[in-house]
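Undergrad: Have a peek at target.csv (CSV, C-alpha atoms).
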```
chain,number,residue,atom,x,y,z
A,46,MET,CA,-64.4,138.0,-57.4
A,47,ALA,CA,-65.8,140.2,-60.1
A,48,THR,CA,-62.3,141.6,-60.9
A,49,LEU,CA,-60.6,138.2,-61.0
A,50,SER,CA,-59.5,136.9,-64.4
A,51,LEU,CA,-60.1,133.1,-65.0
A,52,PRO,CA,-56.4,132.3,-64.3
A,53,GLU,CA,-56.5,134.3,-61.1
A,54,LEU,CA,-59.8,132.6,-60.0
A,55,PHE,CA,-58.5,129.1,-60.8
A,56,ALA,CA,-55.2,129.9,-58.9
A,57,ARG,CA,-57.1,130.9,-55.8
A,58,LEU,CA,-59.5,128.0,-55.9
A,59,GLY,CA,-56.8,125.5,-56.9
A,60,SER,CA,-54.1,126.2,-54.3
A,61,PRO,CA,-52.4,122.9,-53.6
A,62,GLN,CA,-53.1,123.1,-49.9
A,63,ARG,CA,-56.8,123.6,-50.5
A,64,ILE,CA,-57.2,120.9,-53.1
A,65,ARG,CA,-55.1,118.4,-51.0
A,66,ARG,CA,-57.6,119.0,-48.2
A,67,ILE,CA,-60.6,118.3,-50.4
A,68,ALA,CA,-58.8,115.2,-51.7
A,69,SER,CA,-58.5,113.9,-48.1
A,70,TYR,CA,-62.2,113.1,-48.3
A,71,ASP,CA,-63.6,110.1,-50.3
A,72,LEU,CA,-66.0,112.2,-52.3
A,73,PHE,CA,-66.5,109.3,-54.8
A,74,ASP,CA,-67.9,106.9,-52.3
A,75,PRO,CA,-71.3,105.8,-53.7
A,76,GLY,CA,-72.7,105.8,-50.2
A,77,LEU,CA,-72.0,109.5,-49.7
A,78,ARG,CA,-74.5,111.0,-52.3
A,79,PRO,CA,-77.7,109.6,-50.7
A,80,LEU,CA,-76.7,111.1,-47.3
A,81,LEU,CA,-76.0,114.5,-48.8
A,82,ASP,CA,-79.1,114.4,-51.1
A,83,ALA,CA,-81.2,114.0,-47.9
A,84,ILE,CA,-79.6,117.0,-46.3
A,85,ALA,CA,-80.2,119.1,-49.5
A,86,ALA,CA,-83.8,117.9,-49.6
A,87,ARG,CA,-84.3,118.9,-45.9
A,88,ASN,CA,-82.9,122.3,-46.6
A,89,ALA,CA,-85.0,122.8,-49.7
A,90,GLU,CA,-88.2,121.9,-47.8
A,91,ARG,CA,-87.4,124.0,-44.8
A,92,LEU,CA,-86.5,127.1,-46.8
A,93,HIS,CA,-89.4,126.5,-49.4
A,94,ALA,CA,-86.8,126.5,-52.2
A,95,PRO,CA,-87.0,124.4,-55.3
A,96,VAL,CA,-83.2,123.7,-55.5
A,97,SER,CA,-80.6,122.9,-52.9
A,98,MET,CA,-77.0,121.7,-53.4
A,99,VAL,CA,-74.1,120.4,-51.4
A,100,SER,CA,-70.9,121.2,-53.4
A,101,VAL,CA,-67.2,121.4,-53.3
A,102,ILE,CA,-65.5,124.0,-55.4
A,103,LEU,CA,-62.6,122.5,-57.2
A,104,ASP,CA,-59.9,124.5,-59.1
A,105,SER,CA,-62.1,125.2,-62.1
A,106,SER,CA,-65.5,123.6,-61.4
A,107,GLN,CA,-68.3,123.3,-58.9
A,108,PHE,CA,-68.6,119.6,-58.1
A,109,ILE,CA,-72.1,118.8,-56.8
A,110,LEU,CA,-71.9,116.0,-54.2
A,111,GLY,CA,-75.6,116.0,-53.2
A,112,SER,CA,-78.6,117.9,-54.4
A,113,HIS,CA,-82.4,118.4,-54.5
A,114,GLY,CA,-84.2,119.7,-57.6
A,115,VAL,CA,-81.1,119.9,-59.9
A,116,THR,CA,-82.0,118.7,-63.4
A,117,GLY,CA,-80.8,118.9,-67.0
A,118,TRP,CA,-77.2,119.3,-68.1
A,119,VAL,CA,-76.1,120.5,-64.6
A,120,ALA,CA,-77.3,117.2,-63.1
A,121,GLU,CA,-75.6,115.2,-65.9
A,122,ALA,CA,-72.4,117.1,-65.6
A,123,GLN,CA,-72.5,116.9,-61.8
A,124,GLY,CA,-71.6,120.5,-61.6
A,125,THR,CA,-70.9,123.7,-63.4
A,126,PRO,CA,-67.8,125.8,-64.4
A,127,ALA,CA,-66.5,127.6,-61.3
A,128,GLU,CA,-66.8,131.0,-62.9
A,129,TRP,CA,-70.6,130.6,-63.3
A,130,SER,CA,-71.2,129.2,-59.8
A,131,LEU,CA,-72.6,131.5,-57.0
A,132,CYS,CA,-71.1,129.0,-54.6
A,133,THR,CA,-67.7,130.1,-55.7
A,134,HIS,CA,-68.5,133.5,-54.2
A,135,THR,CA,-69.5,131.8,-50.9
A,136,VAL,CA,-66.3,129.8,-50.8
A,137,LEU,CA,-64.0,132.8,-51.7
A,138,GLY,CA,-65.7,135.1,-49.2
A,139,GLY,CA,-65.7,132.4,-46.5
A,140,ARG,CA,-69.0,133.6,-45.1
A,141,PRO,CA,-72.7,133.4,-46.0
A,142,TYR,CA,-73.5,134.8,-49.4
A,143,CYS,CA,-76.9,135.9,-50.6
A,144,VAL,CA,-78.3,137.2,-53.9
A,145,SER,CA,-81.9,138.6,-53.8
A,146,ASP,CA,-82.3,138.9,-57.5
A,147,ASN,CA,-79.5,138.2,-59.8
A,148,THR,CA,-81.1,140.0,-62.8
A,149,GLN,CA,-80.8,143.2,-60.8
A,150,ASP,CA,-77.3,142.5,-59.5
A,151,PRO,CA,-74.5,143.9,-61.8
A,152,LEU,CA,-72.2,141.1,-60.6
A,153,HIS,CA,-74.5,138.3,-61.8
A,154,ALA,CA,-76.8,139.8,-64.4
A,155,ASP,CA,-74.7,138.4,-67.3
A,156,ASN,CA,-74.2,134.9,-65.7
A,157,PRO,CA,-75.1,132.5,-68.5
A,158,LEU,CA,-76.0,129.7,-66.1
A,159,LEU,CA,-78.5,131.9,-64.2
A,160,ALA,CA,-79.9,133.3,-67.5
A,161,MET,CA,-80.4,129.8,-69.0
A,162,SER,CA,-81.9,128.2,-65.8
A,163,GLY,CA,-84.2,131.1,-64.8
A,164,LEU,CA,-82.8,131.0,-61.3
A,165,ARG,CA,-83.2,134.3,-59.5
A,166,SER,CA,-82.1,134.2,-55.9
A,167,TYR,CA,-79.4,132.4,-53.9
A,168,ALA,CA,-78.3,131.8,-50.3
A,169,GLY,CA,-75.2,129.8,-49.4
A,170,VAL,CA,-73.0,129.1,-46.5
A,171,PRO,CA,-69.4,127.8,-46.6
A,172,LEU,CA,-68.4,124.2,-45.7
A,173,ARG,CA,-65.4,124.5,-43.5
A,174,ASP,CA,-63.5,121.7,-41.8
A,175,ASP,CA,-61.1,121.8,-38.9
A,176,SER,CA,-58.3,123.1,-41.2
A,177,GLY,CA,-60.2,126.4,-41.6
A,178,GLN,CA,-60.3,125.9,-45.3
A,179,SER,CA,-63.5,126.8,-47.1
A,180,LEU,CA,-64.0,123.6,-49.1
A,181,GLY,CA,-67.5,124.2,-50.6
A,182,SER,CA,-71.0,125.3,-49.8
A,183,LEU,CA,-74.5,124.3,-48.9
A,184,CYS,CA,-77.0,126.5,-50.7
A,185,VAL,CA,-80.6,127.0,-51.8
A,186,VAL,CA,-81.6,128.6,-55.0
A,187,ASP,CA,-85.0,129.9,-56.0
A,188,VAL,CA,-86.8,130.9,-59.2
A,189,VAL,CA,-88.2,134.1,-57.7
A,190,PRO,CA,-86.6,137.1,-56.2
A,191,ARG,CA,-86.4,136.8,-52.4
A,192,ASP,CA,-84.7,138.2,-49.4
A,193,PHE,CA,-83.2,135.5,-47.2
A,194,THR,CA,-83.6,136.0,-43.5
A,195,ASP,CA,-81.2,135.4,-40.6
A,196,GLU,CA,-83.4,132.4,-39.7
A,197,ASP,CA,-82.9,131.0,-43.2
A,198,LEU,CA,-79.1,131.4,-42.9
A,199,GLU,CA,-79.1,129.9,-39.4
A,200,PHE,CA,-80.9,126.8,-40.8
A,201,LEU,CA,-78.5,126.6,-43.7
A,202,GLN,CA,-75.6,126.7,-41.2
A,203,GLN,CA,-77.1,123.8,-39.2
A,204,GLY,CA,-77.3,121.9,-42.5
A,205,ALA,CA,-73.7,122.8,-43.3
A,206,ASP,CA,-72.7,121.4,-39.8
A,207,ASP,CA,-74.6,118.2,-40.7
A,208,VAL,CA,-72.7,118.0,-44.1
A,209,MET,CA,-69.4,118.3,-42.3
A,210,ARG,CA,-70.3,115.5,-39.9
A,211,VAL,CA,-71.1,113.3,-42.8
A,212,LEU,CA,-67.9,114.2,-44.6
A,213,ALA,CA,-65.9,113.6,-41.4
A,214,ASP,CA,-66.9,110.0,-41.7
A,215,HIS,CA,-65.4,110.0,-45.2
A,216,ARG,CA,-62.0,111.3,-44.3
A,217,THR,CA,-59.2,109.2,-45.7
A,218,GLY,CA,-56.1,111.1,-44.6
B,180,MET,CA,-73.3,136.3,-73.8
B,181,SER,CA,-75.3,134.1,-76.1
B,182,ALA,CA,-73.2,133.0,-79.1
B,183,THR,CA,-71.1,130.0,-80.0
B,184,ASP,CA,-67.8,131.3,-81.4
B,185,ASP,CA,-65.6,128.6,-82.9
B,186,ASP,CA,-65.3,126.1,-80.0
B,187,THR,CA,-66.6,128.5,-77.3
B,188,THR,CA,-70.2,128.4,-76.0
B,189,TYR,CA,-71.4,131.2,-73.7
B,190,GLY,CA,-67.8,132.1,-73.1
B,191,LEU,CA,-66.9,128.5,-72.2
B,192,HIS,CA,-64.3,126.8,-74.3
B,193,ARG,CA,-63.9,123.1,-74.7
B,194,PRO,CA,-61.1,121.9,-72.4
B,195,THR,CA,-57.8,121.2,-74.1
B,196,MET,CA,-54.7,119.3,-73.2
B,197,ASN,CA,-53.1,122.6,-72.4
B,198,ASP,CA,-55.9,123.2,-69.8
B,199,ALA,CA,-55.1,119.9,-68.3
B,200,HIS,CA,-51.4,120.7,-68.2
B,201,GLU,CA,-52.1,124.0,-66.5
B,202,ALA,CA,-54.5,122.5,-64.0
B,203,MET,CA,-52.2,119.7,-62.9
B,204,HIS,CA,-49.4,122.2,-62.4
B,205,ARG,CA,-51.8,124.4,-60.4
B,206,VAL,CA,-53.1,121.8,-58.0
B,207,HIS,CA,-49.8,120.0,-57.5
B,208,GLY,CA,-47.6,123.0,-57.0
B,209,VAL,CA,-43.9,122.2,-57.0
B,210,ASP,CA,-44.7,118.5,-57.8
B,211,GLY,CA,-46.6,119.5,-60.9
B,212,PRO,CA,-44.0,118.7,-63.5
B,213,ALA,CA,-43.3,115.3,-62.1
B,214,VAL,CA,-47.0,114.3,-61.6
B,215,TRP,CA,-47.8,115.6,-65.1
B,216,ALA,CA,-45.1,113.4,-66.6
B,217,GLN,CA,-46.5,110.4,-64.6
B,218,ALA,CA,-50.0,111.1,-66.0
B,219,LEU,CA,-48.7,111.3,-69.6
B,220,THR,CA,-46.8,108.0,-69.1
B,221,ALA,CA,-49.9,106.3,-67.5
B,222,ALA,CA,-52.0,107.5,-70.4
B,223,GLY,CA,-49.4,106.2,-72.9
B,224,LEU,CA,-48.9,109.7,-74.3
B,225,SER,CA,-45.8,111.4,-75.5
B,226,ALA,CA,-44.6,114.6,-73.7
B,227,THR,CA,-43.9,116.2,-77.1
B,228,SER,CA,-46.9,115.3,-79.3
B,229,GLN,CA,-50.3,115.6,-77.6
B,230,LYS,CA,-53.6,116.2,-79.3
B,231,ASP,CA,-56.8,117.4,-77.7
B,232,ASP,CA,-58.4,114.2,-78.8
B,233,ASP,CA,-56.2,112.5,-76.2
B,234,LEU,CA,-57.8,114.4,-73.4
B,235,PRO,CA,-60.4,111.6,-72.4
B,236,ARG,CA,-57.5,109.1,-72.2
B,237,LEU,CA,-55.5,111.5,-70.1
B,238,LEU,CA,-58.5,112.1,-67.7
B,239,GLU,CA,-58.8,108.4,-67.2
B,240,ALA,CA,-55.2,108.1,-66.3
B,241,MET,CA,-55.4,111.1,-63.9
B,242,THR,CA,-58.4,109.5,-62.2
B,243,ARG,CA,-56.3,106.5,-61.3
B,244,LEU,CA,-53.1,108.4,-60.4
B,245,ASP,CA,-53.8,109.9,-57.0
B,246,PRO,CA,-56.7,111.7,-55.1
B,247,VAL,CA,-55.6,115.2,-56.1
B,248,SER,CA,-55.2,114.3,-59.8
B,249,ARG,CA,-58.6,112.6,-59.6
B,250,LEU,CA,-60.2,115.9,-58.4
B,251,CYS,CA,-58.4,117.7,-61.2
B,252,ALA,CA,-59.8,115.3,-63.7
B,253,GLN,CA,-63.3,115.7,-62.2
B,254,ALA,CA,-63.1,119.5,-62.6
B,255,LEU,CA,-62.1,119.1,-66.2
B,256,ARG,CA,-64.8,116.5,-66.9
B,257,ILE,CA,-67.5,118.9,-65.5
B,258,ARG,CA,-66.2,121.7,-67.9
B,259,LEU,CA,-66.1,119.2,-70.8
B,260,SER,CA,-69.6,117.9,-70.1
B,261,SER,CA,-71.0,121.5,-69.6
B,262,HIS,CA,-69.4,122.5,-72.9
B,263,THR,CA,-70.8,119.4,-74.7
B,264,HIS,CA,-74.3,119.9,-73.5
B,265,LEU,CA,-74.4,123.6,-74.1
B,266,SER,CA,-72.9,123.3,-77.6
B,267,ALA,CA,-75.5,120.6,-78.5
B,268,ALA,CA,-78.3,122.8,-77.2
B,269,HIS,CA,-77.0,125.8,-79.1
B,270,THR,CA,-76.8,123.7,-82.3
B,271,LEU,CA,-80.4,122.6,-81.9
B,272,THR,CA,-81.7,126.1,-81.3
B,273,ARG,CA,-79.9,127.3,-84.4
B,274,ARG,CA,-81.7,124.8,-86.7
```
Once you've parsed the file, please lay out its structure as structure tokens.

TA:
Amino acid sequence: MATLSLPELFARLGSPQRIRRIASYDLFDPGLRPLLDAIAARNAERLHAPVSMVSVILDSSQFILGSHGVTGWVAEAQGTPAEWSLCTHTVLGGRPYCVSDNTQDPLHADNPLLAMSGLRSYAGVPLRDDSGQSLGSLCVVDVVPRDFTDEDLEFLQQGADDVMRVLADHRTG
Amino acid sequence: MSATDDDTTYGLHRPTMNDAHEAMHRVHGVDGPAVWAQALTAAGLSATSQKDDDLPRLLEAMTRLDPVSRLCAQALRIRLSSHTHLSAAHTLTRR
């Protein structure tokens, strides 16, 4: 993703087929957020992380559907620009994505969101439905450098499975 | 990246009507031109004279148009809100 220009990034994320798939879920149902907040809280507690998010990556933004520990302007905006979101890397790669210390990672050292928030480490797994499309991610973020273990990723994957079960109940098409 | 340059904060520019035009064509593919025209009509906007001040009205219309346009509007709102918050914070820290 480091070599993608913004138009290229938005074109990949915003393919009509992918966005149509995301749009087949009722993501604006007020009953959805508490369910996803609970999954995020469970993941944060289990992985001893201050922040956890359930997100879909739209064509130009990360849209946070449920969260734990998210505050400030990101909470008010309900997301971030896609080019600043580590979850964008998880979605584009289609597999678990970890950053042990973003300040030491050339790909992320200049990320304004990470610099402003003081967040240092990240682990995310993609949210896939039966179409095979990578729609979003479940992640944890920490304020200290850390190496995430296979066990951490396994627990995140279980959480992602829980998220997809909840979303399946919100399919509209 | 730390400066505000014109209407750009931390490299993030305030979304424009042109951004909305590009986004709607991107996510709707071949249907883009027709859906864009519907969105403008629903917002009561002309196809030939749009101002960036019209963006909130257009986003409202996109939200009501169809589920894909609603997501497109949500993505633009997140960028708009991010820009607004960061610009305000930058202004405060400059005082």

Undergrad: Find the residues of chain B in contact range of chain A, meaning any atom within 8 Å when counting all atoms listed in the file, and list them as a list in words.

TA: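 Putting it all together, I get Met180, Ser181, Tyr189, Ala202, Arg205, Val206, His207, Gly208, Pro246, Val247, Leu250, Cys251, Gln253, Ala254, Leu255, Arg256, Ile257, Arg258, Ser260, Ser261, His264 and Leu265 of chain B.
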
Undergrad: Just C-alpha atoms for this one: save the residues we selected as a short mmCIF file (atom, residue, chain, number, x, y, z; two decimals), in the frame of the given file.

TA:
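What follows is the written file result08.cif:
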```cif
data_model
loop_
_atom_site.label_atom_id
_atom_site.label_comp_id
_atom_site.auth_asym_id
_atom_site.auth_seq_id
_atom_site.Cartn_x
_atom_site.Cartn_y
_atom_site.Cartn_z
CA MET B 180 -73.30 136.30 -73.80
CA SER B 181 -75.30 134.10 -76.10
CA TYR B 189 -71.40 131.20 -73.70
CA ALA B 202 -54.50 122.50 -64.00
CA ARG B 205 -51.80 124.40 -60.40
CA VAL B 206 -53.10 121.80 -58.00
CA HIS B 207 -49.80 120.00 -57.50
CA GLY B 208 -47.60 123.00 -57.00
CA PRO B 246 -56.70 111.70 -55.10
CA VAL B 247 -55.60 115.20 -56.10
CA LEU B 250 -60.20 115.90 -58.40
CA CYS B 251 -58.40 117.70 -61.20
CA GLN B 253 -63.30 115.70 -62.20
CA ALA B 254 -63.10 119.50 -62.60
CA LEU B 255 -62.10 119.10 -66.20
CA ARG B 256 -64.80 116.50 -66.90
CA ILE B 257 -67.50 118.90 -65.50
CA ARG B 258 -66.20 121.70 -67.90
CA SER B 260 -69.60 117.90 -70.10
CA SER B 261 -71.00 121.50 -69.60
CA HIS B 264 -74.30 119.90 -73.50
CA LEU B 265 -74.40 123.60 -74.10
#
```

Undergrad: Record the distance separating atom CA of A:Asp214 and atom CA of A:Met98, expressed in Å with one decimal.

TA: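 Between atom CA of A:Asp214 and atom CA of A:Met98 the gap works out to 19.4 Å.
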
Undergrad: Mind giving me the straight-line distance from atom CA of A:Ala94 to atom CA of A:Thr148 in Å, one decimal?

TA: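 We find that atom CA of A:Ala94 and atom CA of A:Thr148 lie 18.1 Å from each other.
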
Undergrad: One decimal, in Å: what's the spacing between atom CA of A:Gln203 and atom CA of A:Leu180?

TA: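 Spanning atom CA of A:Gln203 to atom CA of A:Leu180 is a straight-line distance of 16.4 Å.
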
Undergrad: Which residues, written as a VMD selection string, have at least one atom at most 6 Å from stretch 227-238 of chain B, with all atoms listed in the file counted and residues fewer than 2 positions away on the same chain left out?

TA: chain B and resid 195 to 196 222 225 240 to 241 252

Undergrad: For a cut-off of 6 Å around (-52.3, 113.1, -62.1), file coordinates, pick out all residues using all atoms listed in the file and list them as a CSV table (one decimal) with C-alpha atoms, in the frame of the given file.

TA:
```csv
chain,number,residue,atom,x,y,z
B,214,VAL,CA,-47.0,114.3,-61.6
B,215,TRP,CA,-47.8,115.6,-65.1
B,218,ALA,CA,-50.0,111.1,-66.0
B,241,MET,CA,-55.4,111.1,-63.9
B,244,LEU,CA,-53.1,108.4,-60.4
B,248,SER,CA,-55.2,114.3,-59.8
```

Undergrad: Could you check which of A:Leu198, A:Ile84, A:Leu51, A:Leu159 is closest to A:Ser100, using only C-alpha atoms?

TA: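 The answer is A:Ile84, which sits nearest to A:Ser100.
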
Undergrad: Any idea what's packed within 9 Å of A:Leu172, counting all atoms listed in the file, ignoring anything in its chain fewer than 6 positions away? Could you give it as a list of chain:residue names?

TA: A:Val99, A:Ser100, A:Val101, A:Val136, A:Gly139, A:Gln178, A:Ser179, A:Leu180, A:Gly181, A:Ser182, A:Leu183, A:Gln202, A:Ala205, A:Asp206, A:Val208, A:Met209

Undergrad: (-75.7, 136.0, -53.7) in this file's frame - what residues fall within 10 Å of it? Use all atoms listed in the file and give the answer as a PDB file with C-alpha atoms, in the coordinates of the input.

TA:
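Result file is selection.pdb:
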```pdb
ATOM      1  CA  LEU A 131     -72.600 131.500 -57.000  1.00  0.00           C
ATOM      2  CA  CYS A 132     -71.100 129.000 -54.600  1.00  0.00           C
ATOM      3  CA  HIS A 134     -68.500 133.500 -54.200  1.00  0.00           C
ATOM      4  CA  THR A 135     -69.500 131.800 -50.900  1.00  0.00           C
ATOM      5  CA  PRO A 141     -72.700 133.400 -46.000  1.00  0.00           C
ATOM      6  CA  TYR A 142     -73.500 134.800 -49.400  1.00  0.00           C
ATOM      7  CA  CYS A 143     -76.900 135.900 -50.600  1.00  0.00           C
ATOM      8  CA  VAL A 144     -78.300 137.200 -53.900  1.00  0.00           C
ATOM      9  CA  SER A 145     -81.900 138.600 -53.800  1.00  0.00           C
ATOM     10  CA  ASP A 146     -82.300 138.900 -57.500  1.00  0.00           C
ATOM     11  CA  ASN A 147     -79.500 138.200 -59.800  1.00  0.00           C
ATOM     12  CA  ASP A 150     -77.300 142.500 -59.500  1.00  0.00           C
ATOM     13  CA  LEU A 152     -72.200 141.100 -60.600  1.00  0.00           C
ATOM     14  CA  HIS A 153     -74.500 138.300 -61.800  1.00  0.00           C
ATOM     15  CA  ARG A 165     -83.200 134.300 -59.500  1.00  0.00           C
ATOM     16  CA  SER A 166     -82.100 134.200 -55.900  1.00  0.00           C
ATOM     17  CA  TYR A 167     -79.400 132.400 -53.900  1.00  0.00           C
ATOM     18  CA  ALA A 168     -78.300 131.800 -50.300  1.00  0.00           C
ATOM     19  CA  GLY A 169     -75.200 129.800 -49.400  1.00  0.00           C
ATOM     20  CA  VAL A 186     -81.600 128.600 -55.000  1.00  0.00           C
ATOM     21  CA  PHE A 193     -83.200 135.500 -47.200  1.00  0.00           C
TER      22      PHE A 193
END
```

Undergrad: Can you work out which one of A:Leu92, A:Leu77, A:Ser50, A:Thr133 has the shortest atom-to-atom distance to A:Thr194, counting all atoms listed in the file?

TA: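 Counting all atoms listed in the file, the residue closest to A:Thr194 is A:Leu92.
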